[in-house]
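Visitor: The structure file final_7.tsv (TSV, C-alpha atoms) is provided below.
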chain	number	residue	atom	x	y	z
R	1	ALA	CA	-11.33	11.08	26.42
R	2	GLN	CA	-10.59	12.01	22.84
R	3	SER	CA	-13.30	11.02	20.42
R	4	VAL	CA	-14.86	11.50	17.02
R	5	ALA	CA	-18.60	11.25	16.45
R	6	GLN	CA	-20.49	10.63	13.26
R	7	PRO	CA	-24.04	10.99	14.50
R	8	GLU	CA	-25.76	9.40	11.49
R	9	ASP	CA	-25.39	5.72	10.70
R	10	GLN	CA	-26.85	6.30	7.26
R	11	VAL	CA	-27.62	9.27	5.04
R	12	ASN	CA	-30.02	8.97	2.14
R	13	VAL	CA	-30.07	11.51	-0.67
R	14	ALA	CA	-31.47	11.70	-4.18
R	15	GLU	CA	-29.08	11.96	-7.09
R	16	GLY	CA	-28.43	15.57	-8.00
R	17	ASN	CA	-29.26	16.88	-4.53
R	18	PRO	CA	-26.65	18.28	-2.15
R	19	LEU	CA	-25.33	15.97	0.54
R	20	THR	CA	-23.87	16.48	3.99
R	21	VAL	CA	-22.20	13.88	6.19
R	22	LYS	CA	-21.65	15.14	9.72
R	23	CYS	CA	-18.61	14.84	11.98
R	24	THR	CA	-17.88	16.34	15.37
R	25	TYR	CA	-14.84	15.81	17.54
R	26	SER	CA	-13.55	16.22	21.06
R	27	VAL	CA	-9.75	16.27	21.13
R	28	SER	CA	-6.93	18.24	22.66
R	29	GLY	CA	-4.79	20.82	20.93
R	30	ASN	CA	-5.16	21.89	17.33
R	31	PRO	CA	-6.23	18.80	15.42
R	32	TYR	CA	-5.67	17.68	11.88
R	33	LEU	CA	-8.94	16.48	10.33
R	34	PHE	CA	-9.52	13.96	7.56
R	35	TRP	CA	-12.26	12.33	5.51
R	36	TYR	CA	-11.92	8.90	3.95
R	37	VAL	CA	-14.25	6.85	1.75
R	38	GLN	CA	-14.55	3.07	1.63
R	39	TYR	CA	-16.21	0.99	-1.07
R	40	PRO	CA	-17.28	-2.60	-0.30
R	41	ASN	CA	-14.40	-4.95	0.52
R	42	ARG	CA	-11.84	-2.26	-0.25
R	43	GLY	CA	-9.40	-0.19	1.76
R	44	LEU	CA	-10.00	3.40	2.75
R	45	GLN	CA	-9.31	6.13	0.21
R	46	PHE	CA	-8.28	9.62	1.26
R	47	LEU	CA	-10.73	12.38	0.28
R	48	LEU	CA	-9.49	15.55	1.93
R	49	LYS	CA	-7.86	17.05	5.00
R	50	TYR	CA	-7.81	20.21	7.06
R	51	ILE	CA	-4.51	21.26	8.58
R	52	THR	CA	-4.70	25.04	8.87
R	53	GLY	CA	-5.88	28.06	6.93
R	54	ASP	CA	-9.13	28.37	5.00
R	55	ASN	CA	-11.98	26.65	6.81
R	56	LEU	CA	-13.39	25.28	3.56
R	57	VAL	CA	-11.23	22.58	2.04
R	58	LYS	CA	-11.76	20.92	-1.31
R	59	GLY	CA	-10.91	17.35	-2.05
R	60	SER	CA	-11.31	14.51	-4.48
R	61	TYR	CA	-14.43	13.72	-6.55
R	62	GLY	CA	-16.01	17.13	-5.93
R	63	PHE	CA	-16.22	16.76	-2.16
R	64	GLU	CA	-15.50	19.55	0.26
R	65	ALA	CA	-15.57	19.96	4.02
R	66	GLU	CA	-16.03	22.88	6.35
R	67	PHE	CA	-14.02	23.18	9.54
R	68	ASN	CA	-15.86	24.96	12.36
R	69	LYS	CA	-13.65	25.44	15.38
R	70	SER	CA	-16.35	26.82	17.68
R	71	GLN	CA	-18.65	23.89	16.98
R	72	THR	CA	-15.75	21.39	16.75
R	73	SER	CA	-17.21	20.06	13.53
R	74	PHE	CA	-15.87	19.00	10.16
R	75	HIS	CA	-18.86	18.18	7.95
R	76	LEU	CA	-18.37	16.64	4.52
R	77	LYS	CA	-20.38	18.15	1.67
R	78	LYS	CA	-21.00	17.84	-2.03
R	79	PRO	CA	-23.23	20.16	-4.08
R	80	SER	CA	-24.68	17.44	-6.33
R	81	ALA	CA	-24.65	13.78	-5.32
R	82	LEU	CA	-23.99	10.91	-7.71
R	83	VAL	CA	-25.16	7.32	-7.37
R	84	SER	CA	-21.47	6.36	-7.51
R	85	ASP	CA	-20.89	8.35	-4.30
R	86	SER	CA	-22.72	5.61	-2.40
R	87	ALA	CA	-20.16	4.23	0.06
R	88	LEU	CA	-19.04	4.27	3.69
R	89	TYR	CA	-17.48	7.54	4.85
R	90	PHE	CA	-15.13	7.92	7.79
R	91	CYS	CA	-14.11	11.07	9.60
R	92	ALA	CA	-10.74	10.94	11.37
R	93	VAL	CA	-8.86	13.29	13.66
R	94	ARG	CA	-5.23	13.53	14.69
R	95	PRO	CA	-5.06	15.48	17.96
R	96	GLY	CA	-2.27	17.98	18.38
R	97	GLY	CA	0.98	16.28	19.35
R	98	TYR	CA	-0.52	12.85	18.79
R	99	ASN	CA	0.84	10.39	16.27
R	100	LYS	CA	-2.31	8.33	15.70
R	101	LEU	CA	-5.62	8.95	13.99
R	102	ILE	CA	-8.90	8.55	15.81
R	103	PHE	CA	-11.70	7.34	13.54
R	104	GLY	CA	-15.43	7.84	13.73
R	105	ALA	CA	-17.73	4.84	13.39
R	106	GLY	CA	-18.54	5.67	9.79
R	107	THR	CA	-21.63	6.88	7.93
R	108	ARG	CA	-23.14	4.96	5.07
R	109	LEU	CA	-24.18	7.24	2.23
R	110	ALA	CA	-26.89	5.96	-0.11
R	111	VAL	CA	-27.59	8.02	-3.22
R	112	HIS	CA	-30.79	7.02	-4.99
R	113	PRO	CA	-31.44	7.55	-8.72
Y	114	ASP	CA	3.21	2.27	-8.57
Y	115	GLY	CA	3.74	3.20	-4.95
Y	116	GLY	CA	1.34	1.78	-2.46
Y	117	ILE	CA	0.51	-0.77	0.17
Y	118	THR	CA	-0.02	-4.43	-0.63
Y	119	GLN	CA	-1.93	-6.72	1.68
Y	120	SER	CA	-2.19	-10.46	1.23
Y	121	PRO	CA	-4.10	-12.64	1.16
Y	122	LYS	CA	-7.31	-10.83	0.25
Y	123	TYR	CA	-9.44	-13.60	1.77
Y	124	LEU	CA	-8.38	-16.13	4.37
Y	125	PHE	CA	-10.17	-18.94	6.15
Y	126	ARG	CA	-8.90	-20.40	9.39
Y	127	LYS	CA	-9.94	-23.16	11.69
Y	128	GLU	CA	-10.31	-22.39	15.36
Y	129	GLY	CA	-7.05	-22.83	17.24
Y	130	GLN	CA	-4.82	-21.97	14.30
Y	131	ASN	CA	-2.51	-18.99	14.04
Y	132	VAL	CA	-2.56	-17.03	10.80
Y	133	THR	CA	-0.27	-14.30	9.48
Y	134	LEU	CA	-1.43	-11.41	7.32
Y	135	SER	CA	1.15	-9.74	5.13
Y	136	CYS	CA	1.56	-5.99	4.62
Y	137	GLU	CA	4.23	-4.47	2.38
Y	138	GLN	CA	4.69	-0.81	1.43
Y	139	ASN	CA	6.97	0.91	-1.07
Y	140	LEU	CA	6.12	4.46	-0.06
Y	141	ASN	CA	9.23	4.82	2.11
Y	142	HIS	CA	6.97	5.60	5.06
Y	143	ASP	CA	8.36	5.23	8.54
Y	144	ALA	CA	5.11	4.43	10.37
Y	145	MET	CA	2.84	1.44	9.79
Y	146	TYR	CA	-0.43	0.46	11.40
Y	147	TRP	CA	-2.86	-2.44	11.67
Y	148	TYR	CA	-6.58	-1.80	12.12
Y	149	ARG	CA	-9.49	-4.13	12.61
Y	150	GLN	CA	-12.86	-3.26	11.10
Y	151	ASP	CA	-16.14	-4.74	12.31
Y	152	PRO	CA	-19.57	-3.65	11.08
Y	153	GLY	CA	-20.82	-0.56	12.88
Y	154	GLN	CA	-17.65	-0.11	14.93
Y	155	GLY	CA	-15.38	1.80	12.61
Y	156	LEU	CA	-11.65	1.12	12.74
Y	157	ARG	CA	-9.89	-0.03	15.87
Y	158	LEU	CA	-6.11	0.14	16.18
Y	159	ILE	CA	-4.36	-3.16	16.89
Y	160	TYR	CA	-0.65	-2.31	16.69
Y	161	TYR	CA	1.51	0.39	15.20
Y	162	SER	CA	5.20	0.85	14.49
Y	163	GLN	CA	7.04	4.12	14.05
Y	164	ILE	CA	10.49	2.69	13.27
Y	165	VAL	CA	12.09	-0.62	12.43
Y	166	ASN	CA	12.39	-3.07	15.33
Y	167	ASP	CA	9.93	-1.11	17.45
Y	168	PHE	CA	6.15	-1.29	17.80
Y	169	GLN	CA	3.43	-0.34	20.27
Y	170	LYS	CA	0.12	-1.84	21.26
Y	171	GLY	CA	-3.01	-0.13	20.10
Y	172	ASP	CA	-6.46	-0.33	21.62
Y	173	ILE	CA	-7.14	-4.02	20.95
Y	174	ALA	CA	-3.74	-5.78	20.87
Y	175	GLU	CA	-4.73	-8.88	22.86
Y	176	GLY	CA	-4.51	-12.03	20.76
Y	177	TYR	CA	-2.37	-10.38	18.07
Y	178	SER	CA	1.37	-10.07	17.46
Y	179	VAL	CA	3.49	-8.12	14.98
Y	180	SER	CA	7.08	-7.68	13.88
Y	181	ARG	CA	8.91	-4.89	12.07
Y	182	GLU	CA	12.21	-6.29	10.85
Y	183	LYS	CA	12.21	-4.21	7.67
Y	184	LYS	CA	10.91	-0.74	6.96
Y	185	GLU	CA	8.75	-2.06	4.13
Y	186	SER	CA	7.06	-4.90	5.99
Y	187	PHE	CA	4.72	-5.13	8.97
Y	188	PRO	CA	3.10	-8.59	9.22
Y	189	LEU	CA	0.27	-9.26	11.66
Y	190	THR	CA	-0.24	-12.65	13.31
Y	191	VAL	CA	-3.69	-13.49	14.58
Y	192	THR	CA	-3.12	-16.05	17.29
Y	193	SER	CA	-5.43	-18.68	18.72
Y	194	ALA	CA	-5.76	-16.46	21.77
Y	195	GLN	CA	-7.88	-13.99	19.81
Y	196	LYS	CA	-11.41	-14.93	20.79
Y	197	ASN	CA	-13.29	-13.43	17.88
Y	198	PRO	CA	-10.88	-13.05	14.96
Y	199	THR	CA	-13.39	-12.94	12.11
Y	200	ALA	CA	-13.04	-9.40	10.74
Y	201	PHE	CA	-11.69	-7.20	7.98
Y	202	TYR	CA	-8.07	-6.20	8.64
Y	203	LEU	CA	-6.55	-3.05	7.23
Y	204	CYS	CA	-2.90	-2.11	7.06
Y	205	ALA	CA	-1.87	1.52	6.70
Y	206	SER	CA	1.27	3.62	6.60
Y	207	SER	CA	2.19	7.27	7.10
Y	208	ILE	CA	5.14	9.61	7.06
Y	209	MET	CA	6.51	9.80	10.56
Y	210	ALA	CA	4.48	12.20	12.72
Y	211	GLY	CA	6.30	15.47	13.08
Y	212	SER	CA	7.42	15.49	9.49
Y	213	GLY	CA	4.01	15.19	7.90
Y	214	THR	CA	0.35	15.66	8.55
Y	215	GLY	CA	-0.26	12.12	9.76
Y	216	GLU	CA	-2.37	11.21	6.74
Y	217	LEU	CA	-2.74	7.46	6.42
Y	218	PHE	CA	-2.49	5.45	3.23
Y	219	PHE	CA	-4.37	2.16	3.30
Y	220	GLY	CA	-4.02	-1.22	1.72
Y	221	GLU	CA	-6.99	-3.07	0.21
Y	222	GLY	CA	-7.58	-5.17	3.29
Y	223	SER	CA	-7.65	-8.84	4.25
Y	224	ARG	CA	-10.87	-10.56	5.25
Y	225	LEU	CA	-10.32	-13.31	7.79
Y	226	THR	CA	-13.06	-15.84	8.49
Y	227	VAL	CA	-12.78	-18.41	11.24
Y	228	LEU	CA	-14.69	-21.58	10.47
Could the structure of this file be written out as structure tokens, please?
Guide:
Amino acid sequence: AQSVAQPEDQVNVAEGNPLTVKCTYSVSGNPYLFWYVQYPNRGLQFLLKYITGDNLVKGSYGFEAEFNKSQTSFHLKKPSALVSDSALYFCAVRPGGYNKLIFGAGTRLAVHP
Amino acid sequence: DGGITQSPKYLFRKEGQNVTLSCEQNLNHDAMYWYRQDPGQGLRLIYYSQIVNDFQKGDIAEGYSVSREKKESFPLTVTSAQKNPTAFYLCASSIMAGSGTGELFFGEGSRLTVL
């Protein structure tokens, strides 16, 4: 079965420190990979995507993600966290030849002052 | 501005009542989707439509119905057959798969509470 895993329900980090939110996947073909962010009672906002090419992709608000094909991972990173980064983060994957996204369960990021 | 509009933002329903959630997009996207979000469970696909007058069941379609009479509109009806309808509902759209990367654009959501 095709799936996306976000192994951490919550990630806590101090403001100014680097952050990582993990995502691994198990899908067929060459997938497209996405990260979204959700603030309370809001819709999901697109952060970044990996389609092909450079394994390190840069996105909105200073976030970046590294695609690792051998480890089937797509971890979200930011060099210096802000309190305003506190939100719910979703990893999503579109398997090759598939017309739907598969979402992870989400990881809540809490950045403390 | 281009985007997706969901209404109402908050909705209360008595048990046994049907309720319809509106979703309108002006992005000229072919595909539209409805997701349900419950705490700790991520997003689950209810229905999706790739073209007008056609739609497919997602993973949790029981108790829900949709229509796609216009490209811009994809309303979701939560029927009385849905046993646990209290949730946050998200509508999304995308360029048709095959001509884009499948990236979804989301509305702001509708929170349904059954009293």
Visitor: Quick one: which residues from chain R are at most 7 Å off chain Y, using only C-alpha atoms, as a list in words?
Guide: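 On the chain R side, the interface is Arg42, Gly43, Leu44, Asn99, Phe103, Gly104, Ala105 and Gly106 of chain R.
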Visitor: CA of Leu189 in chain Y and CA of Thr133 in chain Y are how many Å apart?
Guide: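 For CA of Leu189 in chain Y relative to CA of Thr133 in chain Y, the distance reads 5.5 Å.
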Visitor: If you count all atoms listed in the file, which residues fall within 8 Å of range 50-65 of chain R, apart from same-chain ones fewer than 4 positions away, as a list in words?
Guide: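 In the requested form, the answer reads Pro31, Tyr32, Leu33, Phe34, Phe74, His75, Leu76, Lys77 and Lys78 of chain R; Thr214 of chain Y.
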Visitor: Please, could you write that set of residues out with C-alpha atoms as a PDB file, in the frame of the given file?
Guide:
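And here is the file that came out, out.pdb:
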ATOM      1  CA  PRO R  31      -6.230  18.800  15.420  1.00  0.00           C
ATOM      2  CA  TYR R  32      -5.670  17.680  11.880  1.00  0.00           C
ATOM      3  CA  LEU R  33      -8.940  16.480  10.330  1.00  0.00           C
ATOM      4  CA  PHE R  34      -9.520  13.960   7.560  1.00  0.00           C
ATOM      5  CA  PHE R  74     -15.870  19.000  10.160  1.00  0.00           C
ATOM      6  CA  HIS R  75     -18.860  18.180   7.950  1.00  0.00           C
ATOM      7  CA  LEU R  76     -18.370  16.640   4.520  1.00  0.00           C
ATOM      8  CA  LYS R  77     -20.380  18.150   1.670  1.00  0.00           C
ATOM      9  CA  LYS R  78     -21.000  17.840  -2.030  1.00  0.00           C
TER      10      LYS R  78
ATOM     11  CA  THR Y 214       0.350  15.660   8.550  1.00  0.00           C
TER      12      THR Y 214
END
Visitor: Quick one: residues within 8 Å of Glu137 in chain Y, all atoms listed in the file counted, chain neighbours fewer than 4 positions away excluded, as an NGL selection string?
Guide: :Y and (117-119 or 185-187)
Visitor: What is the CA of Glu8 in chain R to CA of Ser28 in chain R distance in Å?
Guide: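 Those two atoms sit 23.6 Å apart.
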Visitor: Interatomic distance between CA of Pro95 in chain R and CA of Gln38 in chain R?
Guide: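 That distance, rounded to one decimal, is 22.6 Å.
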Visitor: Using only C-alpha atoms, which protein or nucleic acid residues come within 9 Å of range 167-170 of chain Y? Drop anything in the same chain fewer than 5 positions from it, and give the result as an NGL selection string.
Guide: :Y and (158-162 or 175 or 179-182)
Visitor: List the spatial neighbours of Gln6 in chain R as a PDB file with C-alpha atoms, in the coordinates of the input - criterion: any atom at most 8 Å away, all atoms listed in the file, same-chain residues fewer than 3 positions off excluded.
Guide:
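New file selection.pdb:
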ATOM      1  CA  ASP R   9     -25.390   5.720  10.700  1.00  0.00           C
ATOM      2  CA  VAL R  21     -22.200  13.880   6.190  1.00  0.00           C
ATOM      3  CA  LYS R  22     -21.650  15.140   9.720  1.00  0.00           C
ATOM      4  CA  CYS R  23     -18.610  14.840  11.980  1.00  0.00           C
ATOM      5  CA  THR R  24     -17.880  16.340  15.370  1.00  0.00           C
ATOM      6  CA  CYS R  91     -14.110  11.070   9.600  1.00  0.00           C
ATOM      7  CA  GLY R 104     -15.430   7.840  13.730  1.00  0.00           C
ATOM      8  CA  ALA R 105     -17.730   4.840  13.390  1.00  0.00           C
ATOM      9  CA  GLY R 106     -18.540   5.670   9.790  1.00  0.00           C
ATOM     10  CA  THR R 107     -21.630   6.880   7.930  1.00  0.00           C
TER      11      THR R 107
END
Visitor: Measuring atom to atom with all atoms listed in the file, identify which of Y:Asn197, Y:Thr192, Y:Asn166, Y:Ser135 is nearest to Trp147 in chain Y.
Guide: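 Closest candidate: Y:Ser135.
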